[in-house]
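Quick look at input_8.pdb (PDB, C-alpha atoms):
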```pdb
ATOM      1  CA  MET A   1      -8.411   4.679 -31.219  1.00  0.00           C
ATOM      2  CA  LYS A   2      -4.848   5.018 -32.584  1.00  0.00           C
ATOM      3  CA  PRO A   3      -3.902   7.861 -30.179  1.00  0.00           C
ATOM      4  CA  LEU A   4      -5.108   5.734 -27.270  1.00  0.00           C
ATOM      5  CA  LEU A   5      -3.012   2.755 -28.405  1.00  0.00           C
ATOM      6  CA  LEU A   6       0.028   5.003 -28.898  1.00  0.00           C
ATOM      7  CA  ALA A   7      -0.423   6.529 -25.430  1.00  0.00           C
ATOM      8  CA  LEU A   8      -0.813   3.075 -23.892  1.00  0.00           C
ATOM      9  CA  GLY A   9       2.324   1.837 -25.668  1.00  0.00           C
ATOM     10  CA  ALA A  10       4.298   4.906 -24.550  1.00  0.00           C
ATOM     11  CA  ALA A  11       3.147   4.405 -20.955  1.00  0.00           C
ATOM     12  CA  LEU A  12       4.238   0.761 -21.089  1.00  0.00           C
ATOM     13  CA  LEU A  13       7.657   1.672 -22.470  1.00  0.00           C
ATOM     14  CA  ALA A  14       8.055   4.439 -19.902  1.00  0.00           C
ATOM     15  CA  SER A  15       7.228   2.002 -17.116  1.00  0.00           C
ATOM     16  CA  CYS A  16      10.136  -0.193 -18.180  1.00  0.00           C
ATOM     17  CA  GLN A  17      12.739   2.570 -17.853  1.00  0.00           C
ATOM     18  CA  SER A  18      15.534   2.036 -15.369  1.00  0.00           C
ATOM     19  CA  MET A  19      15.033   4.075 -12.204  1.00  0.00           C
ATOM     20  CA  SER A  20      17.165   4.819  -9.170  1.00  0.00           C
ATOM     21  CA  GLY A  21      14.650   2.935  -6.993  1.00  0.00           C
ATOM     22  CA  GLY A  22      14.460  -0.083  -9.306  1.00  0.00           C
ATOM     23  CA  VAL A  23      11.533  -1.183 -11.452  1.00  0.00           C
ATOM     24  CA  LEU A  24      10.186  -3.772  -8.999  1.00  0.00           C
ATOM     25  CA  ALA A  25      10.144  -3.586  -5.197  1.00  0.00           C
ATOM     26  CA  LEU A  26       9.276  -6.279  -2.646  1.00  0.00           C
ATOM     27  CA  GLU A  27       8.315  -5.084   0.814  1.00  0.00           C
ATOM     28  CA  ALA A  28       7.268  -6.393   4.215  1.00  0.00           C
ATOM     29  CA  ARG A  29       5.520  -3.978   6.566  1.00  0.00           C
ATOM     30  CA  ALA A  30       3.951  -3.964  10.007  1.00  0.00           C
ATOM     31  CA  LEU A  31       1.565  -1.660  11.829  1.00  0.00           C
ATOM     32  CA  ALA A  32       3.598   0.572  14.135  1.00  0.00           C
ATOM     33  CA  LEU A  33       0.898   2.859  15.536  1.00  0.00           C
ATOM     34  CA  GLU A  34      -2.880   3.100  15.426  1.00  0.00           C
ATOM     35  CA  ASP A  35      -5.483   5.623  16.472  1.00  0.00           C
ATOM     36  CA  THR A  36      -8.715   3.910  15.461  1.00  0.00           C
ATOM     37  CA  ASP A  37     -12.063   3.270  17.099  1.00  0.00           C
ATOM     38  CA  GLU A  38     -11.271  -0.496  17.296  1.00  0.00           C
ATOM     39  CA  ASP A  39      -8.048  -2.218  18.363  1.00  0.00           C
ATOM     40  CA  LEU A  40      -6.054  -2.776  15.188  1.00  0.00           C
ATOM     41  CA  SER A  41      -2.838  -4.647  14.505  1.00  0.00           C
ATOM     42  CA  GLY A  42      -1.332  -6.297  11.471  1.00  0.00           C
ATOM     43  CA  TYR A  43       1.412  -7.004   8.991  1.00  0.00           C
ATOM     44  CA  GLY A  44       1.672  -7.649   5.273  1.00  0.00           C
ATOM     45  CA  GLY A  45       3.703  -8.183   2.132  1.00  0.00           C
ATOM     46  CA  HIS A  46       3.568  -5.952  -0.944  1.00  0.00           C
ATOM     47  CA  VAL A  47       4.959  -5.713  -4.467  1.00  0.00           C
ATOM     48  CA  ALA A  48       5.358  -2.393  -6.283  1.00  0.00           C
ATOM     49  CA  LEU A  49       5.797  -1.903 -10.024  1.00  0.00           C
ATOM     50  CA  ASN A  50       7.666   1.398 -10.171  1.00  0.00           C
ATOM     51  CA  THR A  51       7.083   3.592 -13.215  1.00  0.00           C
ATOM     52  CA  PRO A  52       8.394   7.112 -13.835  1.00  0.00           C
ATOM     53  CA  VAL A  53       4.936   8.541 -13.075  1.00  0.00           C
ATOM     54  CA  VAL A  54       3.334   6.338 -10.368  1.00  0.00           C
ATOM     55  CA  ASP A  55       3.962   3.048  -8.587  1.00  0.00           C
ATOM     56  CA  PHE A  56       1.314   0.329  -8.775  1.00  0.00           C
ATOM     57  CA  LEU A  57       0.965  -1.641  -5.522  1.00  0.00           C
ATOM     58  CA  VAL A  58      -0.408  -5.137  -4.926  1.00  0.00           C
ATOM     59  CA  GLY A  59      -0.250  -6.903  -1.592  1.00  0.00           C
ATOM     60  CA  VAL A  60      -1.817  -8.906   1.171  1.00  0.00           C
ATOM     61  CA  ASP A  61      -2.315  -7.682   4.742  1.00  0.00           C
ATOM     62  CA  GLN A  62      -3.244  -9.755   7.772  1.00  0.00           C
ATOM     63  CA  ARG A  63      -5.225  -7.572  10.183  1.00  0.00           C
ATOM     64  CA  GLU A  64      -6.760  -8.074  13.585  1.00  0.00           C
ATOM     65  CA  ILE A  65      -9.697  -5.675  13.951  1.00  0.00           C
ATOM     66  CA  GLY A  66     -11.011  -6.054  17.497  1.00  0.00           C
ATOM     67  CA  THR A  67     -11.827  -9.771  17.664  1.00  0.00           C
ATOM     68  CA  LEU A  68     -11.943 -10.228  13.868  1.00  0.00           C
ATOM     69  CA  ASP A  69      -8.982 -11.701  11.976  1.00  0.00           C
ATOM     70  CA  SER A  70      -9.013 -10.422   8.416  1.00  0.00           C
ATOM     71  CA  THR A  71      -6.885 -11.207   5.384  1.00  0.00           C
ATOM     72  CA  GLU A  72      -7.092  -8.322   2.926  1.00  0.00           C
ATOM     73  CA  ALA A  73      -5.892  -7.841  -0.631  1.00  0.00           C
ATOM     74  CA  VAL A  74      -4.494  -4.358  -1.218  1.00  0.00           C
ATOM     75  CA  LEU A  75      -4.537  -2.599  -4.595  1.00  0.00           C
ATOM     76  CA  GLY A  76      -2.969   0.822  -4.629  1.00  0.00           C
ATOM     77  CA  VAL A  77      -1.156   3.596  -6.364  1.00  0.00           C
ATOM     78  CA  ARG A  78       1.744   5.663  -5.000  1.00  0.00           C
ATOM     79  CA  ARG A  79       3.185   8.913  -6.359  1.00  0.00           C
ATOM     80  CA  ARG A  80       6.786   9.594  -5.382  1.00  0.00           C
ATOM     81  CA  PHE A  81       8.229  13.125  -5.423  1.00  0.00           C
ATOM     82  CA  LEU A  82      11.714  14.545  -5.817  1.00  0.00           C
ATOM     83  CA  GLU A  83      14.528  12.712  -4.124  1.00  0.00           C
ATOM     84  CA  ILE A  84      15.894  14.629  -1.130  1.00  0.00           C
ATOM     85  CA  TRP A  85      19.207  13.093  -0.125  1.00  0.00           C
ATOM     86  CA  LYS A  86      18.186   9.399   0.244  1.00  0.00           C
ATOM     87  CA  LEU A  87      14.571  10.241   1.061  1.00  0.00           C
ATOM     88  CA  ARG A  88      11.665   9.915  -1.420  1.00  0.00           C
ATOM     89  CA  PRO A  89       8.427  11.436  -0.041  1.00  0.00           C
ATOM     90  CA  PHE A  90       5.173  10.078  -1.512  1.00  0.00           C
ATOM     91  CA  VAL A  91       1.391  10.094  -1.376  1.00  0.00           C
ATOM     92  CA  GLU A  92      -0.535   6.834  -1.605  1.00  0.00           C
ATOM     93  CA  ALA A  93      -4.108   5.596  -2.014  1.00  0.00           C
ATOM     94  CA  ASP A  94      -5.196   1.963  -1.538  1.00  0.00           C
ATOM     95  CA  TYR A  95      -8.341  -0.100  -2.005  1.00  0.00           C
ATOM     96  CA  LEU A  96      -8.800  -2.897   0.583  1.00  0.00           C
ATOM     97  CA  ILE A  97     -10.664  -6.103  -0.280  1.00  0.00           C
ATOM     98  CA  GLY A  98     -11.388  -8.795   2.316  1.00  0.00           C
ATOM     99  CA  MET A  99     -10.398 -12.315   1.280  1.00  0.00           C
ATOM    100  CA  ASP A 100     -12.100 -14.290   4.073  1.00  0.00           C
ATOM    101  CA  LEU A 101     -14.981 -16.579   3.145  1.00  0.00           C
ATOM    102  CA  PHE A 102     -17.232 -15.835   6.136  1.00  0.00           C
ATOM    103  CA  ASP A 103     -16.242 -12.245   6.980  1.00  0.00           C
ATOM    104  CA  ASP A 104     -16.700  -9.392   4.542  1.00  0.00           C
ATOM    105  CA  VAL A 105     -14.202  -6.544   4.913  1.00  0.00           C
ATOM    106  CA  SER A 106     -13.804  -3.735   2.402  1.00  0.00           C
ATOM    107  CA  GLY A 107     -12.391  -0.248   2.552  1.00  0.00           C
ATOM    108  CA  TRP A 108      -9.794   2.252   1.462  1.00  0.00           C
ATOM    109  CA  SER A 109      -6.805   4.144   2.806  1.00  0.00           C
ATOM    110  CA  ALA A 110      -5.015   7.344   1.817  1.00  0.00           C
ATOM    111  CA  GLY A 111      -2.008   9.181   3.157  1.00  0.00           C
ATOM    112  CA  GLY A 112       1.675   9.674   2.667  1.00  0.00           C
ATOM    113  CA  GLY A 113       5.119   8.836   3.823  1.00  0.00           C
ATOM    114  CA  ALA A 114       8.706   8.487   2.715  1.00  0.00           C
ATOM    115  CA  LEU A 115      11.027   5.835   1.338  1.00  0.00           C
ATOM    116  CA  LEU A 116      14.495   5.960   2.882  1.00  0.00           C
ATOM    117  CA  HIS A 117      17.036   4.274   0.594  1.00  0.00           C
ATOM    118  CA  LEU A 118      19.761   2.631   2.679  1.00  0.00           C
ATOM    119  CA  ASN A 119      21.683   1.574  -0.442  1.00  0.00           C
ATOM    120  CA  ASP A 120      20.900   0.871  -4.119  1.00  0.00           C
ATOM    121  CA  HIS A 121      18.595  -2.040  -3.294  1.00  0.00           C
ATOM    122  CA  LEU A 122      17.498  -1.832   0.364  1.00  0.00           C
ATOM    123  CA  PHE A 123      14.988   0.725   1.672  1.00  0.00           C
ATOM    124  CA  LEU A 124      12.744   1.536   4.621  1.00  0.00           C
ATOM    125  CA  ASN A 125       9.141   2.701   4.148  1.00  0.00           C
ATOM    126  CA  PHE A 126       7.454   4.970   6.710  1.00  0.00           C
ATOM    127  CA  ARG A 127       3.738   5.692   6.116  1.00  0.00           C
ATOM    128  CA  VAL A 128       0.896   7.467   7.915  1.00  0.00           C
ATOM    129  CA  MET A 129      -2.498   6.624   6.418  1.00  0.00           C
ATOM    130  CA  TYR A 130      -6.140   7.321   7.151  1.00  0.00           C
ATOM    131  CA  GLU A 131      -7.983   3.999   6.810  1.00  0.00           C
ATOM    132  CA  GLN A 132     -11.685   3.309   6.623  1.00  0.00           C
ATOM    133  CA  ARG A 133     -13.167  -0.177   6.367  1.00  0.00           C
ATOM    134  CA  THR A 134     -16.515  -1.840   6.805  1.00  0.00           C
ATOM    135  CA  THR A 135     -16.557  -5.191   8.582  1.00  0.00           C
ATOM    136  CA  ASP A 136     -19.471  -7.582   8.247  1.00  0.00           C
ATOM    137  CA  GLU A 137     -18.890 -10.731  10.302  1.00  0.00           C
ATOM    138  CA  LEU A 138     -21.120 -13.765  10.038  1.00  0.00           C
ATOM    139  CA  PHE A 139     -24.000 -13.381  12.539  1.00  0.00           C
ATOM    140  CA  VAL A 140     -22.666  -9.966  13.677  1.00  0.00           C
ATOM    141  CA  GLU A 141     -23.976  -6.552  12.645  1.00  0.00           C
ATOM    142  CA  ALA A 142     -21.811  -4.647  10.140  1.00  0.00           C
ATOM    143  CA  LYS A 143     -19.712  -1.820  11.521  1.00  0.00           C
ATOM    144  CA  GLN A 144     -17.373   0.814  10.191  1.00  0.00           C
ATOM    145  CA  VAL A 145     -13.815   1.083  11.502  1.00  0.00           C
ATOM    146  CA  ASP A 146     -11.740   4.148  10.702  1.00  0.00           C
ATOM    147  CA  GLY A 147      -8.728   6.050  11.958  1.00  0.00           C
ATOM    148  CA  VAL A 148      -5.075   6.877  11.415  1.00  0.00           C
ATOM    149  CA  VAL A 149      -2.456   4.142  11.245  1.00  0.00           C
ATOM    150  CA  GLY A 150       1.292   4.211  10.827  1.00  0.00           C
ATOM    151  CA  THR A 151       3.320   1.431   9.246  1.00  0.00           C
ATOM    152  CA  VAL A 152       7.022   0.712   8.978  1.00  0.00           C
ATOM    153  CA  GLY A 153       8.338  -1.477   6.214  1.00  0.00           C
ATOM    154  CA  ILE A 154      11.577  -2.853   4.850  1.00  0.00           C
ATOM    155  CA  GLY A 155      11.959  -3.533   1.181  1.00  0.00           C
ATOM    156  CA  LEU A 156      14.193  -4.701  -1.625  1.00  0.00           C
ATOM    157  CA  SER A 157      14.375  -2.930  -5.005  1.00  0.00           C
ATOM    158  CA  LEU A 158      15.177  -4.982  -8.080  1.00  0.00           C
TER     159      LEU A 158
END
```

Could you express the structure from this file as structure tokens?
Amino acid sequence: MKPLLLALGAALLASCQSMSGGVLALEARALALEDTDEDLSGYGGHVALNTPVVDFLVGVDQREIGTLDSTEAVLGVRRRFLEIWKLRPFVEADYLIGMDLFDDVSGWSAGGGALLHLNDHLFLNFRVMYEQRTTDELFVEAKQVDGVVGTVGIGLSL
């Protein structure tokens, strides 16, 4: 039990280290391209807790999936790689949870992208993700929606 507590404490201290990208990032992003089996559009806001190992992501996306409007909570993890000039490539995996009372949407996404740091605090986020979600509307048969989406975001590192 003690080694686990020590490891947890070390991870917490490591997550508080100062980083070139900041410890906390606020980001707004919008869907820029989609290749899915249903029409898909959307936008969202996200917060990232940046640690030296991975970034923990929490956010809310508003999506239009065909005729369904869906508000989704996003929980994710992102692993950034070496900084190349002002570019930070990454891989990311997210879990999507529908927040609507009458429509049930759940799913996941995985992919990668790059953070382009414009200065010490402002950055752009370019992502290409494979998304899969199940939609279950009230009085409508459940269906699965999947495909590749691209998002563009602008963010602020603190």

I'd like the interatomic distance between atom CA of A:Val105 and atom CA of A:Asn50, to a tenth of an Å.
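Straight-line distance from atom CA of A:Val105 to atom CA of A:Asn50 works out to 27.7 Å.
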
Report the distance between atom CA of A:Glu72 and atom CA of A:Gly44 in Å, rounded to one decimal place.
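For atom CA of A:Glu72 relative to atom CA of A:Gly44, the distance reads 9.1 Å.
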
Given the PyMOL selection byres ((chain A and resi 83) around 12) and the file above, list the residues it selects as a PyMOL selection string.
chain A and resi 19-21+80-82+84-90+114-117

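Picture a line from atom CA of A:Gln62 to atom CA of A:Gly42; it runs 5.4 Å.
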
Mind listing whatever residues come within 6 Å of the point (0.7, -4.7, 9.9)? Use all atoms listed in the file, file coordinates, and give them as an mmCIF file with C-alpha atoms, in the coordinates of the input.
```cif
data_model
loop_
_atom_site.group_PDB
_atom_site.id
_atom_site.type_symbol
_atom_site.label_atom_id
_atom_site.label_comp_id
_atom_site.auth_asym_id
_atom_site.auth_seq_id
_atom_site.Cartn_x
_atom_site.Cartn_y
_atom_site.Cartn_z
ATOM 1 C CA ARG A 29 5.520 -3.978 6.566
ATOM 2 C CA ALA A 30 3.951 -3.964 10.007
ATOM 3 C CA LEU A 31 1.565 -1.660 11.829
ATOM 4 C CA SER A 41 -2.838 -4.647 14.505
ATOM 5 C CA GLY A 42 -1.332 -6.297 11.471
ATOM 6 C CA TYR A 43 1.412 -7.004 8.991
ATOM 7 C CA GLY A 44 1.672 -7.649 5.273
#
```

Applying the PyMOL selection byres ((chain A and resi 96) around 7) to the file I just gave you, which residues come out? Please list them as a count of residues only.
11

Any chance you could work out the residue set of the PyMOL selection byres ((chain A and resi 110) around 6) here, as a list in words?
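In the shown coordinates, the PyMOL selection byres ((chain A and resi 110) around 6) covers Glu92, Ala93, Ser109, Gly111, Met129 and Tyr130 of chain A.
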
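Nearest to A:Leu68 of all the residues A:Ala142, A:Leu118, A:Leu156, A:Leu33 is A:Ala142, based on all atoms listed in the file.
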
Between A:Thr135, A:Thr151, A:Thr51, A:His46, which residue has the minimum interatomic distance to A:Thr67, considering all atoms listed in the file?
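Result for the nearest residue to A:Thr67: A:Thr135.
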
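Among the candidate residues A:Arg127, A:Arg133, A:His121, A:Arg63, the one lying nearest to A:Arg78 is A:Arg127, with distances computed using only C-alpha atoms.
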
Let me make sure I understand: among A:Thr36, A:Gln144, A:Ser157, A:Thr71, which one has the smallest atom-to-atom distance to A:Asp120 if we use all atoms listed in the file?
A:Ser157

Give as a PyMOL selection string each residue that has an atom at most 12 Å from (-18.9, 0.6, 12.7) in the file, counting all atoms listed in the file.
chain A and resi 36-38+65-66+105+132-137+140-147

Excluding A:Leu57 and any residue of its chain fewer than 5 positions from it, enumerate the residues within 6 Å of it, using only C-alpha atoms, and give them as a ChimeraX atom specification.
/A:47-48,75-77

Write to file, as an mmCIF file, keeping the file's coordinate frame, the residues of the selection just made, with C-alpha atoms.
```cif
data_model
loop_
_atom_site.group_PDB
_atom_site.id
_atom_site.type_symbol
_atom_site.label_atom_id
_atom_site.label_comp_id
_atom_site.auth_asym_id
_atom_site.auth_seq_id
_atom_site.Cartn_x
_atom_site.Cartn_y
_atom_site.Cartn_z
ATOM 1 C CA VAL A 47 4.959 -5.713 -4.467
ATOM 2 C CA ALA A 48 5.358 -2.393 -6.283
ATOM 3 C CA LEU A 75 -4.537 -2.599 -4.595
ATOM 4 C CA GLY A 76 -2.969 0.822 -4.629
ATOM 5 C CA VAL A 77 -1.156 3.596 -6.364
#
```
